[in-house]
Amino acid sequence: MRRDDERERWKPLLPAAPIALASGARGAAAAEFAWGVASSAFQAEGGDVPNDWVAAARAGRVPANPGNGFWERAERDFALVAGLGLRHYRLSVEWSRVEPARGRFDERAIDRYRAICDAACAAGLVPWLNLFHFTHPLWFAERGGFLEPRNHPDFLRYVERLGRALAPHVRHFHVSNESMVYVVAGYLIGENPPFLREPSAAFAMTRHVLALHADAYRILKALEPQPTVATIEVYLDPRPADPEQPGQRAAAERFDAWYHGALLEALATGWVRVPQRDPEEIPHLRGALDLYGFNFYCSTSFGANGPGTASELPDPPRDALGRAVNPAGLETGLLRVARALPGVPLLVTENGCPTADESFRCRYVAAHLAALERARRQGADVRGYFHWTAVDNYEWRHGFAPAGFGLIGFDPTTGERAVKASGRWLAEVIRDGVLDPARIP
Ligand code: FCB
């Protein structure tokens, strides 16, 4: 692809004139807009932990994960990230590290997480701690995971234990990352452990993850000092590949009604309405969130050959995984969530792309920051932007690819980090509070 052609492709997605970002405003708005990065424990730490992803890798079902060295190098990574002007770091706890056997907590692992949170603070970064990001301890998976309600108290015991150990060190918690994607990938399309393709299990799991969120919210809010507790869900923006096709329209609408509709209704009202199950009220789910964590990567299309990605452009740029870029999905998604959950502040808790091309990454981020700004100006109360991710890491079933998501790369032999051009570019945007097309590569 010639460079000029590629630029033309991006043109409609990038601002034509400089845009002042919320963070560039003087006074309260500037102080409140949170620039951060997001990561997860297993994706960054990797290693031989007793969880279901390591077991699946041994069985050859997913790639192995040696990690990027975060467990040992967190302190140095924080210094690099803070040096870019970022002030927030979303990370998670690997449950199987801290509770390798049922009911047996490893105090040394908990101490390490405590030290990691303290190191983030010392570097000038606010840690946001998520307690569940896709991986289960093997003992929990072998007992049937969350699909078995008798196992739910195990998770809540872990939440309480970690909450008590870390609340004095962390002001912001998330219960779980993208619980709906977790359900889709593990229980509906069978891509992630436990590799099930059972709609009835997926619908039961929807109820379970929502009930567990409500229970965990209650536990975390009872801690001293009281933390903020936020959800995290990825916006998939389902659309028919061809709007003229009634079957595709219906498929997109059906998926949307469950995946986004039921979730937002449940968070707003406490009523869980999913297919194949009687409506159920979980009263303490109503309003059980202090902030909505909104992740966005791309829009989903429902076409003749199943799901793909969609864009409003006829010939959109595509990332290294072939996904069409469509920042409009971030804008309309933020506005939709804002309408569904009035009064709940929003935080973009993940956005980024897999690419080995640094111009691509800068443009991708610029286009999504512009979309965020449009949503904000239309009334969505967006409090910050967390880039996925800081240091390249394990991308689940895609493993480690040269086309990482990080603002920082690393040498797999020495572990040495190198800030990428996109990291330096984002640091300038943060410093100036302006998105200037003349400075977008
Ligand atoms: C999100 C996941 C995260 C990461 C990014 C690229 O859906 O939450 O773990 O893999 O995608």
# chains A, B, ... in the order shown; residues from 1 in each chain; ligands from 1
>>> closest_atom_pairs(of="chain A", to="ligand 1", cutoff="9 Å", atoms="only C-alpha atoms and all ligand atoms", output="tab-separated table")
residue	atom	partner	partner_atom_place_in_ligand_line	distance
A:Ala38	CA	ligand 1	3 (C)	8.6
A:Ser39	CA	ligand 1	9 (O)	7.1
A:Ser40	CA	ligand 1	9 (O)	6.3
A:Gln43	CA	ligand 1	9 (O)	7.1
A:His133	CA	ligand 1	9 (O)	7.0
A:Phe134	CA	ligand 1	9 (O)	7.8
A:Asn177	CA	ligand 1	8 (O)	6.1
A:Glu178	CA	ligand 1	8 (O)	6.1
A:Val181	CA	ligand 1	7 (O)	7.3
A:Tyr182	CA	ligand 1	8 (O)	8.8
A:Ile232	CA	ligand 1	8 (O)	8.6
A:Glu233	CA	ligand 1	8 (O)	8.3
A:Val234	CA	ligand 1	7 (O)	6.4
A:Asn295	CA	ligand 1	7 (O)	7.4
A:Phe296	CA	ligand 1	7 (O)	8.0
A:Tyr297	CA	ligand 1	11 (O)	7.5
A:Glu350	CA	ligand 1	1 (C)	7.2
A:Asn351	CA	ligand 1	6 (C)	7.9
A:Gly352	CA	ligand 1	6 (C)	7.2
A:Cys353	CA	ligand 1	6 (C)	7.2
A:Pro354	CA	ligand 1	6 (C)	7.7
A:Trp388	CA	ligand 1	6 (C)	6.6
A:Thr389	CA	ligand 1	6 (C)	8.0
A:Asn393	CA	ligand 1	10 (O)	8.7
A:Tyr394	CA	ligand 1	10 (O)	7.6
A:Glu395	CA	ligand 1	10 (O)	5.1
A:Trp396	CA	ligand 1	10 (O)	6.2
A:Phe405	CA	ligand 1	6 (C)	7.0
>>> write_last_selection(atoms="N, CA, C and O atoms", output="CSV table (one decimal), in the first residue's frame")
chain,number,residue,atom,x,y,z
A,38,ALA,N,-4.1,0.5,30.3
A,38,ALA,CA,-4.8,-0.7,30.9
A,38,ALA,C,-4.0,-1.9,30.6
A,38,ALA,O,-3.4,-2.0,29.5
A,39,SER,N,-4.0,-2.9,31.5
A,39,SER,CA,-3.4,-4.2,31.3
A,39,SER,C,-4.1,-5.2,32.1
A,39,SER,O,-5.0,-4.9,32.9
A,40,SER,N,-3.7,-6.5,31.9
A,40,SER,CA,-4.3,-7.5,32.8
A,40,SER,C,-3.1,-8.4,33.3
A,40,SER,O,-2.1,-8.5,32.7
A,43,GLN,N,-2.0,-11.5,31.1
A,43,GLN,CA,-1.5,-11.1,29.8
A,43,GLN,C,-0.1,-10.5,29.9
A,43,GLN,O,0.8,-10.7,29.0
A,133,HIS,N,-10.0,-11.1,35.3
A,133,HIS,CA,-9.8,-10.8,33.8
A,133,HIS,C,-9.6,-12.2,33.1
A,133,HIS,O,-8.5,-12.5,32.7
A,134,PHE,N,-10.7,-12.9,32.9
A,134,PHE,CA,-10.8,-14.0,32.0
A,134,PHE,C,-10.2,-15.4,32.6
A,134,PHE,O,-10.6,-16.4,32.2
A,177,ASN,N,-13.4,-7.9,34.1
A,177,ASN,CA,-13.3,-7.2,32.8
A,177,ASN,C,-14.2,-7.9,31.8
A,177,ASN,O,-14.2,-9.1,31.7
A,178,GLU,N,-15.0,-7.0,31.1
A,178,GLU,CA,-15.8,-7.5,30.0
A,178,GLU,C,-16.5,-8.7,30.3
A,178,GLU,O,-16.3,-9.8,29.6
A,181,VAL,N,-18.2,-10.3,27.2
A,181,VAL,CA,-17.3,-10.9,26.3
A,181,VAL,C,-16.8,-12.3,26.8
A,181,VAL,O,-16.6,-13.3,26.1
A,182,TYR,N,-16.5,-12.2,28.1
A,182,TYR,CA,-16.1,-13.4,28.8
A,182,TYR,C,-17.1,-14.6,28.6
A,182,TYR,O,-16.8,-15.7,28.3
A,232,ILE,N,-16.5,-2.9,33.8
A,232,ILE,CA,-15.8,-2.7,32.5
A,232,ILE,C,-16.5,-3.6,31.5
A,232,ILE,O,-16.6,-4.8,31.7
A,233,GLU,N,-17.0,-3.0,30.4
A,233,GLU,CA,-17.6,-3.8,29.3
A,233,GLU,C,-17.1,-3.3,28.0
A,233,GLU,O,-16.9,-2.1,27.9
A,234,VAL,N,-17.0,-4.2,27.0
A,234,VAL,CA,-16.5,-3.7,25.7
A,234,VAL,C,-17.8,-3.4,24.8
A,234,VAL,O,-18.7,-4.2,24.8
A,295,ASN,N,-14.9,-0.1,27.1
A,295,ASN,CA,-13.8,-0.5,26.2
A,295,ASN,C,-14.4,-0.4,24.8
A,295,ASN,O,-15.5,-0.7,24.5
A,296,PHE,N,-13.5,0.0,23.9
A,296,PHE,CA,-13.9,-0.1,22.5
A,296,PHE,C,-12.7,-0.3,21.6
A,296,PHE,O,-11.6,0.3,21.7
A,297,TYR,N,-12.9,-1.2,20.6
A,297,TYR,CA,-11.9,-1.5,19.6
A,297,TYR,C,-12.4,-1.4,18.2
A,297,TYR,O,-11.9,-0.7,17.4
A,350,GLU,N,-10.4,0.9,27.9
A,350,GLU,CA,-9.5,0.3,26.9
A,350,GLU,C,-9.8,0.8,25.6
A,350,GLU,O,-11.0,0.9,25.2
A,351,ASN,N,-8.7,1.1,24.8
A,351,ASN,CA,-8.8,1.4,23.4
A,351,ASN,C,-7.4,1.3,22.8
A,351,ASN,O,-6.5,1.7,23.5
A,352,GLY,N,-7.3,0.7,21.7
A,352,GLY,CA,-5.9,0.5,21.1
A,352,GLY,C,-6.0,-0.4,19.9
A,352,GLY,O,-7.1,-0.9,19.6
A,353,CYS,N,-4.9,-0.7,19.3
A,353,CYS,CA,-4.9,-1.6,18.2
A,353,CYS,C,-3.7,-2.4,18.1
A,353,CYS,O,-2.6,-2.0,18.5
A,354,PRO,N,-3.8,-3.6,17.4
A,354,PRO,CA,-2.6,-4.4,17.2
A,354,PRO,C,-2.0,-3.9,15.8
A,354,PRO,O,-2.7,-4.0,14.8
A,388,TRP,N,-5.1,0.7,25.8
A,388,TRP,CA,-4.6,-0.7,25.9
A,388,TRP,C,-3.5,-0.8,24.9
A,388,TRP,O,-3.8,-0.8,23.7
A,389,THR,N,-2.3,-1.0,25.3
A,389,THR,CA,-1.8,-1.3,26.6
A,389,THR,C,-0.5,-0.6,26.8
A,389,THR,O,0.0,0.1,25.9
A,393,ASN,N,1.9,-7.3,25.1
A,393,ASN,CA,1.6,-8.5,26.0
A,393,ASN,C,0.9,-9.6,25.2
A,393,ASN,O,0.8,-9.5,24.0
A,394,TYR,N,0.5,-10.6,25.9
A,394,TYR,CA,-0.1,-11.8,25.3
A,394,TYR,C,-1.6,-11.5,24.9
A,394,TYR,O,-2.4,-11.1,25.8
A,395,GLU,N,-1.8,-11.6,23.6
A,395,GLU,CA,-3.2,-11.3,23.2
A,395,GLU,C,-4.0,-12.6,23.0
A,395,GLU,O,-4.4,-13.1,22.0
A,396,TRP,N,-4.2,-13.3,24.2
A,396,TRP,CA,-5.1,-14.4,24.3
A,396,TRP,C,-4.8,-15.4,23.1
A,396,TRP,O,-3.7,-15.8,22.9
A,405,PHE,N,-0.1,-4.4,20.9
A,405,PHE,CA,-1.0,-3.2,21.3
A,405,PHE,C,-0.3,-2.2,22.1
A,405,PHE,O,-0.9,-1.2,22.4
>>> residues_around(residues="Pro342 (chain A)", least_positions_apart="2", cutoff="10 Å", atoms="only C-alpha atoms", output="PyMOL selection string")
chain A and resi 268+337-340+344-345+380-381
>>> select_by_dssp(residues="region 124-175 of chain A", states="alpha helix (DSSP H)", output="count of residues only")
20
>>> closest_residue(among="A:Ser311, A:Thr332, A:Asn130, A:Thr355", to="Arg374 (chain A)", atoms="only C-alpha atoms")
A:Thr332
>>> residues_around(residues="Val62 (chain A)", least_positions_apart="6", cutoff="10 Å", atoms="only C-alpha atoms", output="list in words")
Trp53, Val54, Ala55, Ala56, Glu191, Asn192, Pro193, Trp396, Arg397, His398 and Gly399 of chain A
>>> write_last_selection(atoms="all heavy atoms", output="mmCIF file, in the first residue's frame")
data_model
loop_
_atom_site.group_PDB
_atom_site.id
_atom_site.type_symbol
_atom_site.label_atom_id
_atom_site.label_comp_id
_atom_site.auth_asym_id
_atom_site.auth_seq_id
_atom_site.Cartn_x
_atom_site.Cartn_y
_atom_site.Cartn_z
ATOM 1 N N TRP A 53 -5.890 -21.168 31.527
ATOM 2 C CA TRP A 53 -5.237 -20.813 30.262
ATOM 3 C C TRP A 53 -3.904 -21.540 30.134
ATOM 4 O O TRP A 53 -3.531 -21.966 29.039
ATOM 5 C CB TRP A 53 -5.072 -19.290 30.150
ATOM 6 C CG TRP A 53 -6.325 -18.658 29.623
ATOM 7 C CD1 TRP A 53 -7.468 -18.414 30.328
ATOM 8 C CD2 TRP A 53 -6.584 -18.249 28.284
ATOM 9 N NE1 TRP A 53 -8.421 -17.863 29.506
ATOM 10 C CE2 TRP A 53 -7.907 -17.737 28.251
ATOM 11 C CE3 TRP A 53 -5.843 -18.247 27.103
ATOM 12 C CZ2 TRP A 53 -8.495 -17.243 27.078
ATOM 13 C CZ3 TRP A 53 -6.426 -17.741 25.936
ATOM 14 C CH2 TRP A 53 -7.735 -17.255 25.930
ATOM 15 N N VAL A 54 -3.192 -21.670 31.242
ATOM 16 C CA VAL A 54 -1.924 -22.415 31.191
ATOM 17 C C VAL A 54 -2.239 -23.877 30.865
ATOM 18 O O VAL A 54 -1.568 -24.501 30.031
ATOM 19 C CB VAL A 54 -1.154 -22.263 32.524
ATOM 20 C CG1 VAL A 54 0.040 -23.213 32.569
ATOM 21 C CG2 VAL A 54 -0.692 -20.821 32.702
ATOM 22 N N ALA A 55 -3.283 -24.414 31.472
ATOM 23 C CA ALA A 55 -3.664 -25.805 31.181
ATOM 24 C C ALA A 55 -4.070 -25.941 29.711
ATOM 25 O O ALA A 55 -3.703 -26.909 29.030
ATOM 26 C CB ALA A 55 -4.808 -26.232 32.102
ATOM 27 N N ALA A 56 -4.803 -24.952 29.196
ATOM 28 C CA ALA A 56 -5.235 -25.019 27.786
ATOM 29 C C ALA A 56 -4.027 -24.915 26.857
ATOM 30 O O ALA A 56 -3.994 -25.557 25.791
ATOM 31 C CB ALA A 56 -6.233 -23.900 27.487
ATOM 32 N N GLU A 191 -14.386 -20.033 22.075
ATOM 33 C CA GLU A 191 -12.993 -19.704 21.698
ATOM 34 C C GLU A 191 -12.055 -19.722 22.893
ATOM 35 O O GLU A 191 -10.860 -19.918 22.744
ATOM 36 C CB GLU A 191 -12.945 -18.292 21.083
ATOM 37 C CG GLU A 191 -13.265 -18.300 19.625
ATOM 38 C CD GLU A 191 -13.211 -16.918 19.008
ATOM 39 O OE1 GLU A 191 -12.976 -15.918 19.730
ATOM 40 O OE2 GLU A 191 -13.421 -16.846 17.791
ATOM 41 N N ASN A 192 -12.580 -19.411 24.062
ATOM 42 C CA ASN A 192 -11.759 -19.349 25.278
ATOM 43 C C ASN A 192 -12.186 -20.472 26.217
ATOM 44 O O ASN A 192 -13.312 -20.971 26.115
ATOM 45 C CB ASN A 192 -11.992 -18.012 26.005
ATOM 46 C CG ASN A 192 -11.398 -16.824 25.261
ATOM 47 O OD1 ASN A 192 -10.782 -16.977 24.209
ATOM 48 N ND2 ASN A 192 -11.592 -15.644 25.802
ATOM 49 N N PRO A 193 -11.300 -20.864 27.156
ATOM 50 C CA PRO A 193 -11.743 -21.852 28.146
ATOM 51 C C PRO A 193 -13.022 -21.356 28.819
ATOM 52 O O PRO A 193 -13.125 -20.159 29.052
ATOM 53 C CB PRO A 193 -10.590 -21.878 29.153
ATOM 54 C CG PRO A 193 -9.394 -21.357 28.397
ATOM 55 C CD PRO A 193 -9.935 -20.388 27.396
ATOM 56 N N TRP A 396 -4.241 -13.272 24.174
ATOM 57 C CA TRP A 396 -5.092 -14.444 24.259
ATOM 58 C C TRP A 396 -4.825 -15.440 23.124
ATOM 59 O O TRP A 396 -3.694 -15.833 22.922
ATOM 60 C CB TRP A 396 -6.568 -14.009 24.345
ATOM 61 C CG TRP A 396 -6.775 -13.050 25.480
ATOM 62 C CD1 TRP A 396 -7.089 -11.732 25.402
ATOM 63 C CD2 TRP A 396 -6.614 -13.311 26.897
ATOM 64 N NE1 TRP A 396 -7.153 -11.159 26.650
ATOM 65 C CE2 TRP A 396 -6.864 -12.108 27.587
ATOM 66 C CE3 TRP A 396 -6.288 -14.436 27.668
ATOM 67 C CZ2 TRP A 396 -6.796 -11.993 28.968
ATOM 68 C CZ3 TRP A 396 -6.230 -14.325 29.056
ATOM 69 C CH2 TRP A 396 -6.490 -13.123 29.682
ATOM 70 N N ARG A 397 -5.856 -15.801 22.345
ATOM 71 C CA ARG A 397 -5.642 -16.887 21.370
ATOM 72 C C ARG A 397 -4.725 -16.459 20.228
ATOM 73 O O ARG A 397 -4.327 -17.275 19.403
ATOM 74 C CB ARG A 397 -6.970 -17.466 20.875
ATOM 75 C CG ARG A 397 -7.762 -16.539 20.061
ATOM 76 C CD ARG A 397 -9.210 -16.904 19.993
ATOM 77 N NE ARG A 397 -9.953 -15.764 19.529
ATOM 78 C CZ ARG A 397 -10.079 -15.404 18.267
ATOM 79 N NH1 ARG A 397 -9.546 -16.127 17.316
ATOM 80 N NH2 ARG A 397 -10.763 -14.321 17.943
ATOM 81 N N HIS A 398 -4.367 -15.166 20.140
ATOM 82 C CA HIS A 398 -3.407 -14.740 19.119
ATOM 83 C C HIS A 398 -1.970 -14.785 19.640
ATOM 84 O O HIS A 398 -1.031 -14.552 18.879
ATOM 85 C CB HIS A 398 -3.728 -13.325 18.626
ATOM 86 C CG HIS A 398 -5.114 -13.198 18.089
ATOM 87 N ND1 HIS A 398 -5.508 -13.767 16.896
ATOM 88 C CD2 HIS A 398 -6.238 -12.621 18.607
ATOM 89 C CE1 HIS A 398 -6.794 -13.520 16.690
ATOM 90 N NE2 HIS A 398 -7.260 -12.838 17.718
ATOM 91 N N GLY A 399 -1.798 -15.024 20.925
ATOM 92 C CA GLY A 399 -0.463 -15.129 21.498
ATOM 93 C C GLY A 399 0.297 -13.812 21.446
ATOM 94 O O GLY A 399 -0.293 -12.730 21.455
#
>>> residues_around(residues="Val159 (chain A)", least_positions_apart="3", cutoff="8 Å", atoms="only C-alpha atoms", output="number ranges by chain")
A: 131, 155-156, 162-163, 216, 219-220
>>> select_by_dssp(residues="region 49-183 of chain A", states="strand (DSSP E or B)", output="short mmCIF file (atom, residue, chain, number, x, y, z; two decimals) with N, CA, C and O atoms, in the first residue's frame")
data_model
loop_
_atom_site.label_atom_id
_atom_site.label_comp_id
_atom_site.auth_asym_id
_atom_site.auth_seq_id
_atom_site.Cartn_x
_atom_site.Cartn_y
_atom_site.Cartn_z
N ASN A 51 -3.55 -21.85 36.33
CA ASN A 51 -4.87 -21.42 35.85
C ASN A 51 -5.28 -22.21 34.60
O ASN A 51 -4.51 -23.01 34.07
N HIS A 88 -2.59 7.18 35.28
CA HIS A 88 -3.42 6.08 35.81
C HIS A 88 -2.95 4.77 35.19
O HIS A 88 -2.57 4.74 34.01
N TYR A 89 -3.02 3.70 35.99
CA TYR A 89 -2.57 2.39 35.49
C TYR A 89 -3.59 1.35 35.92
O TYR A 89 -3.78 1.10 37.11
N ARG A 90 -4.27 0.78 34.91
CA ARG A 90 -5.23 -0.28 35.22
C ARG A 90 -4.52 -1.62 35.15
O ARG A 90 -3.89 -1.94 34.14
N LEU A 91 -4.60 -2.39 36.23
CA LEU A 91 -3.96 -3.70 36.25
C LEU A 91 -4.92 -4.68 36.91
O LEU A 91 -6.00 -4.29 37.34
N SER A 92 -4.51 -5.95 36.97
CA SER A 92 -5.42 -6.89 37.63
C SER A 92 -4.65 -7.88 38.47
O SER A 92 -3.41 -7.92 38.44
N ALA A 101 -4.69 -22.94 45.61
CA ALA A 101 -5.55 -24.08 45.93
C ALA A 101 -6.75 -23.52 46.69
O ALA A 101 -6.65 -22.47 47.34
N ARG A 104 -6.65 -21.70 50.10
CA ARG A 104 -5.26 -21.48 50.56
C ARG A 104 -4.70 -20.25 49.85
O ARG A 104 -4.41 -20.27 48.67
N VAL A 126 -2.08 6.39 39.50
CA VAL A 126 -3.19 5.90 40.32
C VAL A 126 -3.50 4.48 39.86
O VAL A 126 -3.84 4.27 38.69
N PRO A 127 -3.38 3.48 40.76
CA PRO A 127 -3.72 2.12 40.31
C PRO A 127 -5.23 1.89 40.31
O PRO A 127 -5.95 2.34 41.20
N TRP A 128 -5.71 1.21 39.28
CA TRP A 128 -7.11 0.76 39.19
C TRP A 128 -7.03 -0.75 39.14
O TRP A 128 -6.48 -1.30 38.19
N LEU A 129 -7.58 -1.39 40.16
CA LEU A 129 -7.34 -2.83 40.29
C LEU A 129 -8.57 -3.64 39.91
O LEU A 129 -9.64 -3.49 40.51
N ASN A 130 -8.39 -4.51 38.92
CA ASN A 130 -9.48 -5.38 38.50
C ASN A 130 -9.24 -6.77 39.11
O ASN A 130 -8.11 -7.25 39.16
N PRO A 137 -8.51 -19.90 38.41
CA PRO A 137 -7.63 -20.91 38.98
C PRO A 137 -8.11 -22.28 38.49
O PRO A 137 -9.33 -22.49 38.32
N HIS A 172 -9.46 2.48 43.62
CA HIS A 172 -10.42 2.15 42.55
C HIS A 172 -10.36 0.66 42.22
O HIS A 172 -9.28 0.14 41.92
N PHE A 173 -11.52 0.03 42.28
CA PHE A 173 -11.59 -1.40 41.94
C PHE A 173 -12.52 -1.62 40.75
O PHE A 173 -13.48 -0.87 40.54
N HIS A 174 -12.23 -2.69 40.02
CA HIS A 174 -13.19 -3.25 39.06
C HIS A 174 -13.41 -4.69 39.51
O HIS A 174 -12.46 -5.36 39.94
#
